[in-house]
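Chemist: Here it is, the structure, as structure tokens.
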Amino acid sequence: MPAPSSSSASAATTAPAPVPAPLPAEGQGQGQGQGQGRGRGRGLGPVALVISAGISVQFGAALAVMIMPRAGAAGVVTLRLAAAAVVLLLLCRPKVRGYSRSDWGTVLAFGVAMAGMNGLFYQAIDRIPLGPAVTLEVLGPLALSVLVSRRLVNVLWAGLALGGVVLLSGHGGGGLGFGSLDPLGAAYALGAGAMWAAYIVFSARTGRRFPQADGLALAMAVAAVLSLPLGIAGAGTDLLVPSTLALGLGVAVLSSVLPYTLEMLALRRMPAPTFAILMSLEPAIAATAGFLVLNQAMSALDALAIALVIAASMGAVRSQMRKQPA
């Protein structure tokens with residue numbers, strides 16, 4: 001498997017992300033006397049968590065650039081998930097007793113979705129440019145926002161975000177559009193998008209069933225176990241090189257531990273349509289980071305695409321804040 005270019009390797013940006021409505025208990029029993037300002041604070045809090053998660057992923061992507069040529073796509077996924085699992089298990093020390101079969105089924109599904117999302121996306125960026133890969137992957141959360149939402153306004157915001165990411169893909173990332181994509185790479189990216197949508201759903205369910213980040217730690221362990229055979233087959237003993245292990249730990253913390261934890265916290269207080277539309281910020285964040293950090297050129301159409309995505313995300317957030325009780 002050829003090693004990805006540095007621009008492609010910087011795509012350790014999956015993430016994250018997105019889900020049934022927030023916890024029923026939230027916003028209830030709080031009285032009628034709370035002011036509008038506190039309602040807005042609750043609305044902006046989850047958004048700040050999502051944005052912070054995206055920033056963390058971008059720093060993790062810089063480290064991933066150094067690992068991809070050493071361990072390949074499957075090896076990087078294994079290092080990232082295994083190191084993240086170890087960190088979370090040590091920090092959370094989750095209990096394994098007292099949960100129902102349904103609880104464990106949710107954790108298992110969350111882990112499978114996490115492993116599939118990361119594995120498929122890294123295979124995609126090994127074959128197609130980053131811009132189109134992120135755009136195709138983001139179709140999963142956008143489709144979820146349309147399916148879950150029962151409000152026309154969220155469908156309109158999702159359509160606006162979709163227009164922005166398609167425009168960004170068609171004119172960004174070196175000017176490569178969808179027509180020149182490797183079919184297998186495009187299929188991997190679409191599969192990663194489907195797994196991303198599943199990740200959103202089961203992340204929210206896990207967050208409601210398990211305290212703190214216990215469910216995330218257990219799901220990360222499941223994902224690490226699933227990815228381990230592929231990583232060993234692809235990279236072998238290269239995974240045990242001390243410098244590679246150290247970089248893998250850094251990628252795990254910045255690209256998995258922090259963002260996945262922040263996203264789970266956000267998903268406890270944010271409904272599926274809003275969160276999924278916010279995921280459309282990923283291509284915009286990637287393009288902006290490339291411009292600011294990597295000195296990659298940004299055209300007027302790129303800027304317009306980013307503006308459309310940001311406008312859609314802001315509109316979705318404002319729509320949700322208006323629904324919250326004062």
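In the structure tokens, each chain is lettered A, B, ... as it comes, each chain's residues begin at 1, and ligands are numbered from 1 in order of appearance.
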For Leu258 in chain A, work out the shell of residues within 10 Å, counting only C-alpha atoms and skipping chain neighbours fewer than 4 positions away, then give it as a list in words.
Modeler: Ser52, Ala53, Gly54, Ser56, Val57, Ala84, Leu88, Ala252, Val253, Leu254, Leu262 and Glu263 of chain A
Chemist: Pick from A:Pro46, A:Pro271, A:Gly72, A:Gly185: nearest to Ala204 in chain A, with only C-alpha atoms counted?
Modeler: A:Pro271
Chemist: Between CA of Leu136 in chain A and CA of Ala213 in chain A, measure the distance and give it in Å to one decimal.
Modeler: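 CA of Leu136 in chain A sits 29.3 Å away from CA of Ala213 in chain A.
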Chemist: So, counting only C-alpha atoms, which residue among A:Ala223, A:Leu281, A:Ala71, A:Ala266 is closest to Ile55 in chain A?
Modeler: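 Comparing A:Ala223, A:Leu281, A:Ala71, A:Ala266 against Ile55 in chain A, the winner is A:Leu281.
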Chemist: With distances taken over only C-alpha atoms, which residue among A:Gly116, A:Tyr188, A:Ile310, A:Cys92 lies nearest Val222 in chain A?
Modeler: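 Of A:Gly116, A:Tyr188, A:Ile310, A:Cys92, the one nearest Val222 in chain A, counting only C-alpha atoms, is A:Gly116.
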Chemist: List the spatial neighbours of Pro94 in chain A as a PyMOL selection string - criterion: any atom at most 10 Å away, only C-alpha atoms, same-chain residues fewer than 2 positions off excluded.
Modeler: chain A and resi 88-92+96-97+210-218
Chemist: Extract the full set of alpha helix (DSSP H) residues from range 101-282 of chain A according to DSSP on the backbone, and format it as a PyMOL selection string.
Modeler: chain A and resi 101-125+130-148+152-171+183-209+214-235+242-252+258-267+272-278+281-282
Chemist: Residues near Trp104 in chain A, anyone? I mean within 10 Å using only C-alpha atoms, not counting same-chain ones fewer than 2 positions away, as a list in words.
Modeler: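 So, after excluding close chain neighbours, the residues are Val96, Tyr99, Ser100, Arg101, Ser102, Thr106, Val107, Leu108, Ala109, Phe110, Thr206, Arg209, Gly215, Leu218 and Ala219 of chain A.
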Chemist: Counting only C-alpha atoms, what are the residues of range 94-193 of chain A within 12 Å of range 226-243 of chain A, and for each of them which pair of atoms is the nearest and at what distance in Å, to one decimal? Sort the table by chain and rising number, as a Markdown table.
Modeler:
| residue | atom | partner | partner_atom | distance |
| --- | --- | --- | --- | --- |
| A:Leu108 | CA | A:Leu226 | CA | 10.7 |
| A:Ala109 | CA | A:Leu226 | CA | 11.9 |
| A:Gly111 | CA | A:Leu226 | CA | 8.5 |
| A:Val112 | CA | A:Leu226 | CA | 7.6 |
| A:Ala113 | CA | A:Leu226 | CA | 10.6 |
| A:Met114 | CA | A:Leu226 | CA | 9.9 |
| A:Ala115 | CA | A:Ser227 | CA | 6.5 |
| A:Gly116 | CA | A:Ser227 | CA | 8.7 |
| A:Met117 | CA | A:Ser227 | CA | 11.1 |
| A:Asn118 | CA | A:Ser227 | CA | 9.4 |
| A:Gly119 | CA | A:Ser227 | CA | 7.6 |
| A:Leu120 | CA | A:Ser227 | CA | 11.0 |
| A:Tyr122 | CA | A:Gly231 | CA | 11.9 |
| A:Gln123 | CA | A:Leu230 | CA | 11.7 |
Chemist: Write the residues of the selection above to a file with C-alpha atoms, as a PDB file, in the first residue's frame.
Modeler:
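New file result-v2.pdb:
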ATOM      1  CA  LEU A 108     -20.267  -2.901  20.886  1.00  0.00           C
ATOM      2  CA  ALA A 109     -22.072  -1.083  18.070  1.00  0.00           C
ATOM      3  CA  GLY A 111     -16.921   0.450  18.879  1.00  0.00           C
ATOM      4  CA  VAL A 112     -17.669  -1.158  15.508  1.00  0.00           C
ATOM      5  CA  ALA A 113     -18.775   2.196  14.105  1.00  0.00           C
ATOM      6  CA  MET A 114     -15.637   3.883  15.446  1.00  0.00           C
ATOM      7  CA  ALA A 115     -13.314   1.267  13.969  1.00  0.00           C
ATOM      8  CA  GLY A 116     -15.131   1.311  10.632  1.00  0.00           C
ATOM      9  CA  MET A 117     -15.203   5.094  10.424  1.00  0.00           C
ATOM     10  CA  ASN A 118     -11.469   5.429  11.002  1.00  0.00           C
ATOM     11  CA  GLY A 119     -10.390   2.400   8.979  1.00  0.00           C
ATOM     12  CA  LEU A 120     -12.456   3.211   5.894  1.00  0.00           C
ATOM     13  CA  TYR A 122      -7.775   6.180   6.088  1.00  0.00           C
ATOM     14  CA  GLN A 123      -8.114   3.731   3.210  1.00  0.00           C
TER      15      GLN A 123
END
Chemist: Give me the residues near Ala133 in chain A as a list of chain:residue names, where near means some atom within 9 Å (using only C-alpha atoms) and where sequence neighbours in that chain fewer than 5 positions away do not count.
Modeler: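 Contacts, in chain order: A:Ala11, A:Phe121, A:Ala124, A:Ile125, A:Ile128, A:Val138, A:Ser169, A:Gly185, A:Ala186, A:Tyr188, A:Ala189, A:Leu190.
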Chemist: With distances taken over only C-alpha atoms, which residue among A:Val201, A:Leu152, A:Val225, A:Ala85 lies nearest Leu267 in chain A?
Modeler: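 That would be A:Val201, the residue with the smallest distance to Leu267 in chain A.
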Chemist: For CA of Ala161 in chain A and CA of Ala305 in chain A, determine how far apart the two atoms are, in Å to one decimal place.
Modeler: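 Atom-to-atom, CA of Ala161 in chain A and CA of Ala305 in chain A are spaced 8.7 Å apart.
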Chemist: Measuring atom to atom with only C-alpha atoms, identify which of A:Val251, A:Val134, A:Ala74, A:Ala198 is nearest to Val165 in chain A.
Modeler: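 Among A:Val251, A:Val134, A:Ala74, A:Ala198, it is A:Val134 that comes nearest to Val165 in chain A.
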